file final_29.txt (compact mmCIF, C-alpha atoms)
# COMPACT_ATOMS: atom_id res chain seq x y z
CA MET A 209 -11.15 -32.30 2.89
CA PRO A 210 -11.59 -35.23 5.40
CA ARG A 211 -13.65 -38.20 4.27
CA ASP A 212 -17.12 -38.72 5.79
CA HIS A 213 -17.06 -42.45 6.69
CA ALA A 214 -20.81 -42.57 7.48
CA LYS A 215 -21.69 -41.42 3.97
CA THR A 216 -19.20 -43.88 2.44
CA SER A 217 -20.69 -46.87 4.32
CA LEU A 218 -24.24 -45.92 3.29
CA LEU A 219 -23.15 -45.64 -0.32
CA ILE A 220 -21.63 -49.15 -0.23
CA LEU A 221 -24.83 -50.62 1.30
CA PHE A 222 -26.97 -48.86 -1.31
CA ILE A 223 -24.87 -50.29 -4.17
CA ALA A 224 -25.13 -53.78 -2.63
CA LEU A 225 -28.94 -53.39 -2.44
CA MET A 226 -29.08 -52.49 -6.12
CA ILE A 227 -27.05 -55.61 -6.98
CA ILE A 228 -29.42 -57.80 -4.92
CA MET A 229 -32.46 -56.29 -6.64
CA GLY A 230 -30.87 -56.86 -10.03
CA CYS A 231 -30.18 -60.50 -9.21
CA GLY A 232 -33.75 -60.98 -8.04
CA PHE A 233 -35.25 -59.52 -11.19
CA PHE A 234 -32.96 -60.63 -14.00
CA LEU A 235 -31.11 -63.82 -13.07
CA PRO A 236 -33.01 -67.02 -14.12
CA PHE A 237 -33.46 -69.50 -11.21
CA SER A 238 -36.06 -71.80 -12.85
CA GLN A 239 -33.50 -74.53 -13.62
CA TRP A 240 -32.76 -74.79 -9.91
CA GLY A 241 -36.32 -75.87 -9.09
CA TRP A 242 -37.92 -74.97 -5.80
CA LEU A 243 -34.55 -73.90 -4.32
CA GLY A 244 -34.20 -71.24 -7.02
CA GLY A 245 -37.68 -69.92 -6.27
CA LEU A 246 -36.96 -69.86 -2.55
CA PHE A 247 -33.69 -67.96 -3.10
CA LYS A 248 -35.37 -65.47 -5.44
CA GLY A 249 -38.10 -64.83 -2.88
CA LEU A 250 -35.46 -64.24 -0.21
CA LEU A 251 -33.77 -61.68 -2.44
CA PHE A 252 -37.09 -59.83 -2.88
CA ILE A 253 -37.63 -59.76 0.89
CA LEU A 254 -34.12 -58.38 1.48
CA SER A 255 -34.66 -55.77 -1.23
CA GLY A 256 -37.93 -54.62 0.35
CA LEU A 257 -36.41 -54.36 3.81
CA GLY A 258 -33.44 -52.44 2.41
CA LEU A 259 -35.64 -49.96 0.55
CA TYR A 260 -37.73 -49.37 3.67
CA TRP A 261 -34.60 -48.76 5.76
CA PHE A 262 -33.11 -46.36 3.24
CA HIS A 263 -36.31 -44.38 2.83
CA PHE A 264 -37.70 -44.27 6.39
CA GLY A 265 -34.95 -45.45 8.72
CA GLU A 266 -31.44 -44.48 9.75
CA GLY A 267 -30.24 -44.84 6.19
CA ASP A 268 -32.31 -41.89 4.97
CA LEU A 269 -30.05 -40.28 2.37
CA THR A 270 -32.05 -37.04 2.17
CA ARG A 271 -30.61 -35.83 5.47
CA TYR A 272 -27.22 -35.59 3.72
CA LEU A 273 -28.47 -33.22 1.03
CA PRO A 274 -27.09 -29.64 1.41
CA THR A 275 -29.42 -27.09 2.99
CA GLU A 276 -29.33 -23.28 3.00
CA GLU A 277 -27.92 -23.38 6.53
CA ASP A 278 -25.16 -25.76 5.41
CA GLU A 279 -24.26 -23.45 2.52
CA GLU A 280 -24.04 -20.54 4.95
CA TYR A 281 -21.62 -22.48 7.14
CA ASP A 282 -19.62 -23.50 4.07
CA ASP A 283 -19.18 -19.81 3.21
CA ILE A 284 -17.94 -19.08 6.72
CA ASP A 285 -15.51 -22.00 6.68
CA ASP A 286 -14.24 -20.85 3.27
CA TYR A 287 -13.67 -17.26 4.49
CA SER A 288 -10.37 -16.16 3.03
CA ILE A 289 -8.80 -12.81 2.26
CA ALA A 290 -7.25 -14.27 -0.87
CA LYS A 291 -10.65 -15.42 -2.20
CA ALA A 292 -12.57 -12.27 -1.31
CA GLU A 293 -13.98 -10.31 -4.20
CA PRO A 294 -13.00 -6.63 -4.47
CA GLY A 295 -15.64 -4.41 -2.93
CA SER A 296 -17.19 -7.18 -0.87
CA GLU A 297 -17.44 -7.11 2.91
CA LYS A 298 -14.79 -9.83 3.05
CA SER A 299 -12.19 -7.91 1.05
CA TRP A 300 -9.01 -6.70 2.75
CA LYS A 301 -8.33 -3.05 1.98
CA GLY A 302 -4.71 -3.07 3.05
CA PHE A 303 -2.52 -2.07 5.99
CA GLY A 304 -2.70 1.64 5.15
CA PRO A 305 -6.49 1.95 5.65
CA ALA A 306 -6.24 -0.38 8.65
CA PHE A 307 -3.71 1.90 10.33
CA SER A 308 -5.79 5.00 9.49
CA LEU A 309 -8.82 3.40 11.10
CA PHE A 310 -6.75 2.47 14.14
CA GLN A 311 -5.50 6.07 14.47
CA GLU A 312 -9.04 7.41 14.45
CA ARG A 313 -10.29 4.98 17.07
CA ILE A 314 -7.27 5.18 19.38
CA LEU A 315 -7.32 8.99 19.36
CA SER A 316 -11.06 9.11 20.08
CA LEU A 317 -10.61 6.66 22.94
CA THR A 318 -7.66 8.67 24.28
CA GLN A 319 -9.66 11.89 24.25
CA GLN A 320 -12.54 10.24 26.12
CA SER A 321 -10.19 8.70 28.70
CA LEU A 322 -8.36 11.96 29.45
CA VAL A 323 -11.37 14.27 28.91
CA ALA A 324 -9.02 16.40 26.78
CA SER A 325 -9.96 19.29 24.50
CA ARG A 326 -7.79 17.89 21.71
CA ILE A 327 -5.54 14.94 20.97
CA GLY A 328 -2.78 15.25 18.37
CA PHE A 329 -0.75 12.49 16.73
CA TYR A 330 2.59 13.31 15.07
CA LEU A 331 4.99 11.13 13.07
CA ILE A 332 8.56 11.62 11.89
CA GLN A 333 8.73 11.45 8.10
CA ASN A 334 11.96 11.98 6.17
CA GLY A 335 13.58 13.56 9.21
CA LYS A 336 10.77 16.02 9.96
CA LEU A 337 8.01 15.90 12.56
CA ILE A 338 4.64 16.15 10.80
CA PHE A 339 1.18 16.46 12.29
CA GLN A 340 -0.87 13.47 11.11
CA LEU A 341 -4.27 13.45 12.75
CA GLY A 342 -6.20 15.12 15.56
CA VAL A 343 -9.42 14.64 17.50
CA SER A 344 -11.40 17.52 18.97
CA ASP A 345 -14.95 17.17 20.33
CA ASN A 346 -15.06 13.66 18.78
CA LYS A 347 -14.36 15.17 15.34
CA LEU A 348 -11.34 14.20 13.26
CA PHE A 349 -9.20 16.73 11.46
CA THR A 350 -5.97 16.64 9.46
CA GLN A 351 -3.62 19.50 8.68
CA ASN A 352 -0.34 17.78 7.70
CA PHE A 353 1.98 20.62 8.69
CA VAL A 354 5.64 20.40 9.64
CA VAL A 355 6.27 21.18 13.30
CA PRO A 356 8.80 24.05 13.55
CA GLU A 357 11.88 23.89 15.74
CA GLY A 358 11.35 25.23 19.24
CA ASP A 359 7.78 23.97 19.40
CA LEU A 360 6.77 22.11 22.57
CA VAL A 361 6.07 19.01 20.54
CA SER A 362 9.53 19.07 18.92
CA GLN A 363 11.05 19.25 22.41
CA ILE A 364 9.56 15.84 23.15
CA ILE A 365 11.40 14.45 20.12
CA SER A 366 14.73 16.00 21.10
CA SER A 367 14.50 14.79 24.72
CA ASN A 368 12.77 11.48 23.88
CA ASP A 369 10.87 11.89 27.16
CA SER A 370 7.36 12.78 28.27
CA ILE A 371 6.40 16.35 29.10
CA ILE A 372 3.71 17.87 31.32
CA LYS A 373 2.74 21.55 31.30
CA PRO A 374 0.06 22.33 33.92
CA LEU A 375 0.08 25.97 32.82
CA LEU A 376 1.10 27.13 29.36
CA THR A 377 2.66 30.59 29.07
CA GLU A 378 3.10 32.95 26.15
CA ALA A 379 6.69 31.72 25.80
CA ASP A 380 5.50 28.18 25.05
CA LYS A 381 5.16 27.70 21.31
CA LEU A 382 2.45 25.28 20.16
CA SER A 383 1.61 25.11 16.44
CA GLY A 384 -1.73 24.04 14.99
CA TYR A 385 -3.98 24.96 17.93
CA ASP A 386 -4.97 28.50 16.97
CA ASP A 387 -8.71 27.69 17.00
CA ILE A 388 -8.69 26.86 20.74
CA GLU A 389 -7.05 28.34 23.84
CA PRO A 390 -4.79 25.64 25.27
CA HIS A 391 -3.82 26.13 28.91
CA SER A 392 -2.34 22.74 29.84
CA LEU A 393 -0.58 20.00 27.88
CA ILE A 394 0.92 16.56 28.22
CA GLY A 395 2.90 14.69 25.57
CA VAL A 396 4.70 11.37 25.29
CA PRO A 397 7.05 9.97 22.63
CA VAL A 398 5.98 7.02 20.48
CA THR A 399 9.05 4.78 20.45
CA ILE A 400 9.90 1.64 18.50
CA ASP A 401 13.08 -0.23 19.50
CA ASP A 402 14.07 2.68 21.75
CA GLU A 403 13.92 5.07 18.78
CA CYS A 404 11.40 7.90 18.79
CA LYS A 405 9.07 7.67 15.77
CA GLY A 406 6.39 10.15 16.77
CA VAL A 407 4.54 12.01 19.52
CA LEU A 408 1.12 11.72 21.15
CA VAL A 409 -0.14 14.97 22.67
CA ALA A 410 -3.18 15.88 24.79
CA VAL A 411 -4.26 19.51 25.22
CA SER A 412 -6.84 21.03 27.56
CA GLU A 413 -8.38 24.49 27.81
CA THR A 414 -8.34 24.17 31.62
CA HIS A 415 -5.40 25.05 33.88
CA GLY A 416 -3.83 22.08 35.65
CA HIS A 417 -6.09 19.59 33.94
CA PHE A 418 -3.47 16.81 33.64
CA GLY A 419 -1.48 14.94 36.26
CA ASP A 420 1.01 12.08 36.53
CA GLY A 421 -1.78 9.52 36.19
CA ASP A 422 -2.74 11.04 32.84
CA ILE A 423 0.85 10.72 31.65
CA GLU A 424 0.69 7.00 32.48
CA ILE A 425 -2.56 6.58 30.52
CA LEU A 426 -1.20 8.48 27.52
CA SER A 427 2.00 6.39 27.62
CA ARG A 428 -0.05 3.18 27.45
CA PHE A 429 -1.88 4.46 24.38
CA ALA A 430 1.47 5.45 22.83
CA GLN A 431 2.83 1.93 23.40
CA LEU A 432 -0.24 0.45 21.74
CA ALA A 433 0.19 2.83 18.80
CA ALA A 434 3.84 1.79 18.45
CA GLN A 435 2.93 -1.90 18.33
CA VAL A 436 0.29 -1.39 15.65
CA MET A 437 2.63 0.88 13.70
CA THR A 438 5.27 -1.85 13.61
CA ILE A 439 2.82 -4.43 12.26
CA CYS A 440 1.29 -2.08 9.68
CA HIS A 441 4.71 -0.78 8.58
CA ARG A 442 5.91 -4.29 7.79
CA GLY A 443 2.61 -5.05 6.07
CA LEU A 444 2.85 -1.90 3.96
CA HIS A 445 6.35 -2.85 2.81
CA TRP A 446 5.09 -6.30 1.85
CA GLU A 447 2.13 -4.81 -0.02
CA MET A 448 4.37 -2.31 -1.80
CA ASP A 449 6.81 -5.03 -2.88
CA GLN A 450 3.92 -7.10 -4.23
CA GLU A 451 2.42 -4.12 -6.06
CA VAL A 452 5.76 -3.07 -7.53
CA TYR A 453 6.37 -6.62 -8.73
CA GLU A 454 2.99 -6.82 -10.45
CA VAL A 455 3.34 -3.37 -12.04
CA HIS A 456 6.87 -4.21 -13.20
CA LEU A 457 5.75 -7.45 -14.86
CA HIS A 458 2.81 -5.74 -16.57
CA PHE A 459 5.04 -2.90 -17.80
CA GLU A 460 7.62 -5.28 -19.28
CA LYS A 461 4.88 -7.19 -21.07
CA GLU A 462 3.32 -4.00 -22.44
CA LEU A 463 6.70 -2.76 -23.70
CA GLU A 464 6.77 -5.63 -26.18
CA SER A 465 4.06 -3.88 -28.18
CA CYS A 466 5.65 -0.39 -27.98
CA SER A 467 7.42 0.45 -31.23
CA ASP A 468 8.09 4.20 -30.86
CA GLU A 469 9.13 6.82 -28.32
CA GLU A 470 5.60 8.13 -27.70
CA SER A 471 4.07 4.76 -26.82
CA THR A 472 7.10 3.80 -24.71
CA CYS A 473 6.92 7.01 -22.65
CA THR A 474 3.13 6.81 -22.33
CA SER A 475 3.32 3.25 -21.04
CA PHE A 476 6.07 4.16 -18.56
CA LEU A 477 4.08 7.14 -17.25
CA TYR A 478 0.95 5.01 -16.86
CA HIS A 479 2.75 2.53 -14.63
CA VAL A 480 4.61 5.24 -12.69
CA LYS A 481 1.27 6.88 -11.82
CA GLN A 482 0.09 3.57 -10.35
CA LEU A 483 2.85 3.75 -7.75
CA PHE A 484 3.60 7.44 -7.18
CA PRO A 485 1.57 10.56 -6.43
CA LEU A 486 2.73 13.32 -8.76
CA ASP A 487 1.74 16.68 -10.22
CA ARG A 488 4.40 16.75 -12.94
CA PHE A 489 6.38 14.08 -14.76
CA THR A 490 9.32 14.95 -17.01
CA PHE A 491 11.54 12.83 -19.22
CA SER A 492 14.60 14.65 -20.53
CA LYS A 493 17.65 13.58 -22.49
CA ASN A 494 21.16 14.88 -23.05
CA VAL A 495 21.51 16.36 -26.52
CA ASN A 496 24.90 17.85 -27.37
CA GLY A 497 25.60 18.94 -23.81
CA GLU A 498 22.14 20.37 -23.16
CA GLY A 499 19.03 18.94 -21.58
CA GLU A 500 15.95 18.59 -23.76
CA ILE A 501 12.46 17.85 -22.48
CA CYS A 502 11.12 14.96 -24.54
CA TYR A 503 7.97 14.09 -22.64
CA VAL A 504 6.02 15.98 -19.98
CA TYR A 505 2.82 15.31 -18.09
CA GLY A 506 0.86 17.38 -15.57
CA GLN A 507 1.48 21.02 -14.74
CA ILE A 508 3.31 22.63 -17.67
CA ASP A 509 4.18 26.18 -16.49
CA GLN A 510 5.39 27.12 -20.00
CA ILE A 511 8.16 24.51 -19.67
CA ASP A 512 6.86 22.07 -22.24
CA GLN A 513 8.13 19.38 -24.56
CA GLY A 514 10.99 20.53 -26.81
CA ILE A 515 12.38 23.09 -24.33
CA ARG A 516 16.14 22.92 -23.82
CA PHE A 517 17.90 23.79 -20.56
CA PRO A 518 21.53 24.02 -19.41
CA LEU A 519 22.90 21.11 -17.40
CA ASP A 520 24.07 23.46 -14.66
CA GLY A 521 20.85 25.50 -14.52
CA GLY A 522 18.59 23.41 -12.28
CA LEU A 523 17.73 20.10 -10.66
CA ASN A 524 17.06 18.18 -13.90
CA GLY A 525 20.37 19.26 -15.39
CA TRP A 526 22.07 18.28 -12.14
CA LEU A 527 20.73 14.72 -12.54
CA ILE A 528 22.31 14.36 -15.99
CA LYS A 529 25.56 16.17 -15.20
CA ARG A 530 26.22 14.50 -11.85
CA ASN A 531 24.80 11.15 -12.99
CA ALA A 532 23.22 10.54 -9.57
CA PRO A 533 19.67 10.33 -8.13
CA LEU A 534 18.26 13.24 -6.17
CA ILE A 535 15.53 13.55 -3.51
CA ILE A 536 14.38 16.92 -2.20
CA GLN A 537 11.65 16.96 0.42
CA ASP A 538 10.75 20.61 -0.18
CA ILE A 539 12.13 22.74 -3.00
CA GLU A 540 11.12 25.89 -1.13
CA ASP A 541 12.65 24.83 2.19
CA GLY A 542 15.07 27.50 3.34
CA ARG A 543 15.86 30.90 1.89
CA TYR A 544 16.77 29.63 -1.56
CA ILE A 545 14.13 28.16 -3.88
CA ARG A 546 15.89 25.54 -5.98
CA PRO A 547 15.26 25.94 -9.75
CA ARG A 548 14.12 22.88 -11.65
CA TYR A 549 15.38 23.78 -15.15
CA PHE A 550 16.61 27.38 -15.32
CA ALA A 551 18.25 29.63 -12.76
CA ASP A 552 15.80 32.44 -13.58
CA GLU A 553 12.62 30.35 -13.95
CA ASP A 554 9.33 31.38 -12.33
CA SER A 555 9.41 30.11 -8.74
CA LYS A 556 5.64 30.34 -8.24
CA HIS A 557 5.00 26.86 -9.63
CA GLY A 558 3.77 25.51 -6.28
CA MET A 559 5.89 22.34 -6.42
CA HIS A 560 7.55 21.12 -3.24
CA SER A 561 8.69 17.48 -3.45
CA PHE A 562 11.20 16.42 -6.11
CA LEU A 563 12.47 12.96 -7.05
CA GLY A 564 14.80 12.41 -9.98
CA ILE A 565 16.98 9.63 -11.33
CA PRO A 566 19.48 9.61 -14.21
CA LEU A 567 19.14 7.23 -17.14
CA LYS A 568 22.41 5.56 -17.96
CA SER A 569 24.08 2.34 -19.07
CA GLY A 570 25.95 0.97 -16.11
CA GLN A 571 28.19 3.62 -14.48
CA ASP A 572 28.76 5.55 -17.72
CA GLN A 573 27.64 9.02 -18.69
CA ALA A 574 23.93 9.71 -18.20
CA TRP A 575 22.01 10.11 -21.46
CA GLY A 576 18.81 11.37 -19.81
CA CYS A 577 16.78 11.68 -16.62
CA ILE A 578 13.33 11.15 -15.12
CA SER A 579 11.86 13.56 -12.56
CA LEU A 580 8.68 13.52 -10.49
CA GLU A 581 7.29 16.60 -8.75
CA SER A 582 4.50 17.01 -6.21
CA LYS A 583 2.80 19.99 -4.60
CA ARG A 584 2.90 18.21 -1.25
CA PRO A 585 6.17 18.35 0.73
CA ASN A 586 7.89 15.18 1.97
CA GLU A 587 6.21 13.06 -0.69
CA TYR A 588 9.20 10.95 -1.78
CA GLY A 589 11.76 9.05 0.26
CA ALA A 590 14.48 6.44 -0.12
CA LYS A 591 11.94 3.68 -0.84
CA ALA A 592 10.39 5.76 -3.64
CA LYS A 593 13.81 6.29 -5.21
CA GLU A 594 14.50 2.56 -5.09
CA VAL A 595 11.16 1.71 -6.71
CA LEU A 596 11.54 4.33 -9.46
CA GLU A 597 15.04 3.07 -10.30
CA ILE A 598 13.71 -0.49 -10.63
CA LEU A 599 10.81 0.57 -12.85
CA ALA A 600 13.08 2.72 -15.00
CA ILE A 601 15.35 -0.18 -16.01
CA PRO A 602 13.01 -1.72 -18.64
CA PHE A 603 12.08 1.80 -19.83
CA GLN A 604 15.66 2.86 -20.50
CA LEU A 605 16.49 -0.47 -22.15
CA ALA A 606 13.50 -0.13 -24.47
CA TYR A 607 14.38 3.49 -25.25
CA GLU A 608 18.01 2.63 -25.95
CA ARG A 609 16.92 -0.18 -28.26
CA LEU A 610 14.90 2.31 -30.32
CA HIS A 611 17.93 4.59 -30.80
CA LEU A 612 20.77 2.16 -31.35
CA PRO A 613 20.54 2.30 -35.20
CA ASN A 614 20.78 6.12 -35.27
CA SER A 615 23.79 8.33 -34.78
CA ASP A 616 22.82 11.84 -35.84
CA ASN A 617 22.87 13.63 -32.47
CA GLY A 618 24.76 13.75 -29.21
CA PHE A 619 22.11 11.71 -27.40
CA ASP A 620 22.55 8.70 -29.69
CA LYS A 621 26.34 9.03 -29.54
CA ILE A 622 26.24 8.85 -25.74
CA ILE A 623 24.17 5.65 -25.87
CA LYS A 624 26.52 4.07 -28.40
CA GLN A 625 29.61 5.07 -26.42
CA ASN A 626 28.12 3.60 -23.28
CA LYS A 627 27.24 0.36 -25.07
CA GLU A 628 30.72 0.02 -26.61
CA SER A 629 32.48 0.69 -23.31
call {"tool": "encode", "arguments": {"input": "final_29.txt", "output": "C-alpha cells"}}
result
Amino acid sequence: MPRDHAKTSLLILFIALMIIMGCGFFLPFSQWGWLGGLFKGLLFILSGLGLYWFHFGEGDLTRYLPTEEDEEYDDIDDYSIAKAEPGSEKSWKGFGPAFSLFQERILSLTQQSLVASRIGFYLIQNGKLIFQLGVSDNKLFTQNFVVPEGDLVSQIISSNDSIIKPLLTEADKLSGYDDIEPHSLIGVPVTIDDECKGVLVAVSETHGHFGDGDIEILSRFAQLAAQVMTICHRGLHWEMDQEVYEVHLHFEKELESCSDEESTCTSFLYHVKQLFPLDRFTFSKNVNGEGEICYVYGQIDQIDQGIRFPLDGGLNGWLIKRNAPLIIQDIEDGRYIRPRYFADEDSKHGMHSFLGIPLKSGQDQAWGCISLESKRPNEYGAKAKEVLEILAIPFQLAYERLHLPNSDNGFDKIIKQNKES
C-alpha cells in the first residue's frame, strides 16, 4: 500500500508539538532568570498556536478518520474472486455456469435477431453430436438427445459448411422439432481451429424465411460462441485440475485413519462422488480366477456384495482379465446390449455409460477393478478415465497394505506375486 506523505508530515508536526508542550510544562527554567521565563512563555505561545491549527485549521486530523463512504470504496478496491465468500454476490461460480449463462443469452439474442421460431445449439461430445440447448418463444428447453445419422444437422458436421433450406420437404430429417412445423432452416458449424465442434441452427415455421444475410448473422453468432467456448473449456480444465488435486490430497490424508476394508472403500467412494456423476459404483477383486463384488453403491439390481462372476462374462470381468481400462459411452448402443457381469443378466437395468479401470501393481496381473455406471449416455470420457486412475492409486496402495500379511486366497496371492516381481 503506498504511503500517504501528507498524513506522515502531520504526524511528525503533532509529535513535535507534544514535545514543545512537555518542555514548557515540566522543564525548570527558573535558574535562567528572566531569559528562562521568556523562553517558557514563547513555548506556551507556540503550543497554543499549534493546537489551534490542528483543531481548526489545515491540520485538522479528523478529516483523515475513515467514513462509511471510505469503507465502501475500500470494499470495491478490495474486490477479489479469491477473497469472495461462497454464496455472496462477489463469488465466482465457475466456467461451467458462466458458459451455460452465455448459451442462454446468445441463443435468445440470436432468435430475436433472426425472428426464428426456434434456435438449437449442438455440441460434439465423445464423437457424437448432442443437442444441448434450445430457445423457442423466448423459453429455454433442453432435451440432450443424440442426433441420428442422416439428419440435416449431422450433414452440417460432415460437410463442415453452412446450410440453407428455404423449403423443407418430407425427405428432410430433422430430429427434436416434433412440437412445431418447421418449413425453413439455416445452420452453420461452430468451428475452433478449423475443426467443427458443434452446430448452430435456426428454424422457422414460414416458407423462405431465411436468406443469405441471415446466414451471415448466424455465422457471426457461431464465431462468438466458439471464442467463448475456447475460454470456458480452458477454464474448466483448470478448475477440474484444481478440484482433483484438492480431493486427492484430502483422500490421502483421510486414508491415514482407515484401518479396514469397509472404511477404505467408503472413503474412496465419498471422494469419487465429489468428481463423478454415477448411479452405481462397484469394487470387485479377483479371487481364484473369478470376480467377486466386494463393495457396491447405488442401484443394486440383485447384483450385490458377495456375488461372484466369471471373468469372461461381462465388462467388469473384462477389466480384470484384460488388465486395461474401458470406456463405453452407451451400453445399449447398437443391436447388442453389453452385459456388465453375466452374459444372461437382466438387461433392463437402465444403465448407459460405463467407466472401469483395473487395479494392479505396475504392469502385472490385475487383482481387482473399479467401475462406474450412469443412466445418462456419454457421461465419461478420456479425462474422466485419467482422473479416476489418479484417484485410484492411493486406494489400491491402501488396500494392498491391508492384505499383505494374509495369504489364504487367490486375491492375496496375486498381490504378493505382483509385489515380489
call {"tool": "atom_distance", "arguments": {"input": "final_29.txt", "atom1": "CA of Lys583 (chain A)", "atom2": "CA of Phe459 (chain A)"}}
result
26.5 Å
call {"tool": "atom_distance", "arguments": {"input": "final_29.txt", "atom1": "CA of Gln351 (chain A)", "atom2": "CA of Val398 (chain A)"}}
result
19.7 Å
call {"tool": "residues_around", "arguments": {"input": "final_29.txt", "residues": "Thr318 (chain A)", "least_positions_apart": "5", "cutoff": "12 Å", "atoms": "all atoms listed in the file", "output": "VMD selection string"}}
result
chain A and resid 310 to 313 323 to 329 342 to 346 408 to 411 422 to 430 432 to 433
call {"tool": "residues_near_point", "arguments": {"input": "final_29.txt", "point": "(16.3, 18.8, -23.2)", "cutoff": "12 Å", "atoms": "only C-alpha atoms", "output": "VMD selection string"}}
result
chain A and resid 490 to 504 511 to 519 521 524 to 525 528 549 to 550 575 to 578 618 to 619
call {"tool": "atom_distance", "arguments": {"input": "final_29.txt", "atom1": "CA of Ile394 (chain A)", "atom2": "CA of Asn368 (chain A)"}}
result
13.6 Å
call {"tool": "residues_around", "arguments": {"input": "final_29.txt", "residues": "Ser370 (chain A)", "least_positions_apart": "6", "cutoff": "7 Å", "atoms": "all atoms listed in the file", "output": "PyMOL selection string"}}
result
chain A and resi 364+395-397
call {"tool": "closest_residue", "arguments": {"input": "final_29.txt", "among": "A:Leu348, A:Ala532, A:Ala606, A:Leu486", "to": "Asp572 (chain A)", "atoms": "only C-alpha atoms"}}
result
A:Ala532
call {"tool": "residues_around", "arguments": {"input": "final_29.txt", "residues": "region 535-542 of chain A", "least_positions_apart": "3", "cutoff": "6 Å", "atoms": "all atoms listed in the file", "output": "list in words"}}
result
Ile545, Arg546, His560, Ser561, Phe562, Leu563, Pro585 and Asn586 of chain A
call {"tool": "residues_around", "arguments": {"input": "final_29.txt", "residues": "Ser392 (chain A)", "least_positions_apart": "6", "cutoff": "10 Å", "atoms": "all atoms listed in the file", "output": "PyMOL selection string"}}
result
chain A and resi 324-325+372-377+410-418
call {"tool": "closest_residue", "arguments": {"input": "final_29.txt", "among": "A:Ile253, A:Val436, A:Ile332, A:Leu567", "to": "Pro533 (chain A)", "atoms": "all atoms listed in the file"}}
result
A:Leu567
call {"tool": "closest_residue", "arguments": {"input": "final_29.txt", "among": "A:Glu378, A:Arg442, A:Leu331, A:Leu527", "to": "Thr399 (chain A)", "atoms": "all atoms listed in the file"}}
result
A:Leu331
call {"tool": "decode", "arguments": {"input": "final_29.txt", "residues": "region 363-378 of chain A", "atoms": "N, CA and C atoms", "output": "CSV table (one decimal), in the first residue's frame"}}
result
chain,number,residue,atom,x,y,z
A,363,GLN,N,-25.6,-33.4,-41.3
A,363,GLN,CA,-25.0,-33.1,-42.6
A,363,GLN,C,-24.1,-31.9,-42.5
A,364,ILE,N,-24.4,-31.0,-41.6
A,364,ILE,CA,-23.5,-29.8,-41.4
A,364,ILE,C,-22.2,-30.2,-40.8
A,365,ILE,N,-22.2,-31.2,-39.9
A,365,ILE,CA,-21.0,-31.7,-39.3
A,365,ILE,C,-20.1,-32.3,-40.4
A,366,SER,N,-20.7,-33.2,-41.2
A,366,SER,CA,-20.0,-34.0,-42.2
A,366,SER,C,-19.4,-33.0,-43.3
A,367,SER,N,-20.1,-32.0,-43.7
A,367,SER,CA,-19.6,-31.1,-44.7
A,367,SER,C,-18.8,-29.9,-44.2
A,368,ASN,N,-19.0,-29.7,-42.8
A,368,ASN,CA,-18.3,-28.6,-42.2
A,368,ASN,C,-18.6,-27.2,-42.9
A,369,ASP,N,-19.8,-27.1,-43.4
A,369,ASP,CA,-20.2,-25.9,-44.1
A,369,ASP,C,-21.6,-25.5,-43.7
A,370,SER,N,-22.0,-24.3,-44.0
A,370,SER,CA,-23.4,-23.8,-43.7
A,370,SER,C,-24.4,-24.4,-44.6
A,371,ILE,N,-25.6,-24.4,-44.2
A,371,ILE,CA,-26.7,-25.0,-45.0
A,371,ILE,C,-27.9,-24.1,-44.9
A,372,ILE,N,-28.6,-23.9,-46.0
A,372,ILE,CA,-29.9,-23.1,-46.0
A,372,ILE,C,-30.9,-23.9,-46.8
A,373,LYS,N,-32.1,-24.1,-46.1
A,373,LYS,CA,-33.2,-24.8,-46.7
A,373,LYS,C,-34.4,-23.9,-46.7
A,374,PRO,N,-34.7,-23.2,-47.8
A,374,PRO,CA,-35.9,-22.3,-47.8
A,374,PRO,C,-37.2,-23.1,-47.7
A,375,LEU,N,-37.2,-24.4,-48.1
A,375,LEU,CA,-38.4,-25.1,-48.1
A,375,LEU,C,-38.0,-26.6,-47.7
A,376,LEU,N,-38.4,-27.0,-46.5
A,376,LEU,CA,-38.2,-28.3,-46.1
A,376,LEU,C,-39.2,-29.3,-46.6
A,377,THR,N,-38.8,-30.5,-47.1
A,377,THR,CA,-39.6,-31.5,-47.6
A,377,THR,C,-39.7,-32.7,-46.7
A,378,GLU,N,-40.6,-33.6,-47.0
A,378,GLU,CA,-40.7,-34.8,-46.1
A,378,GLU,C,-39.5,-35.6,-46.1
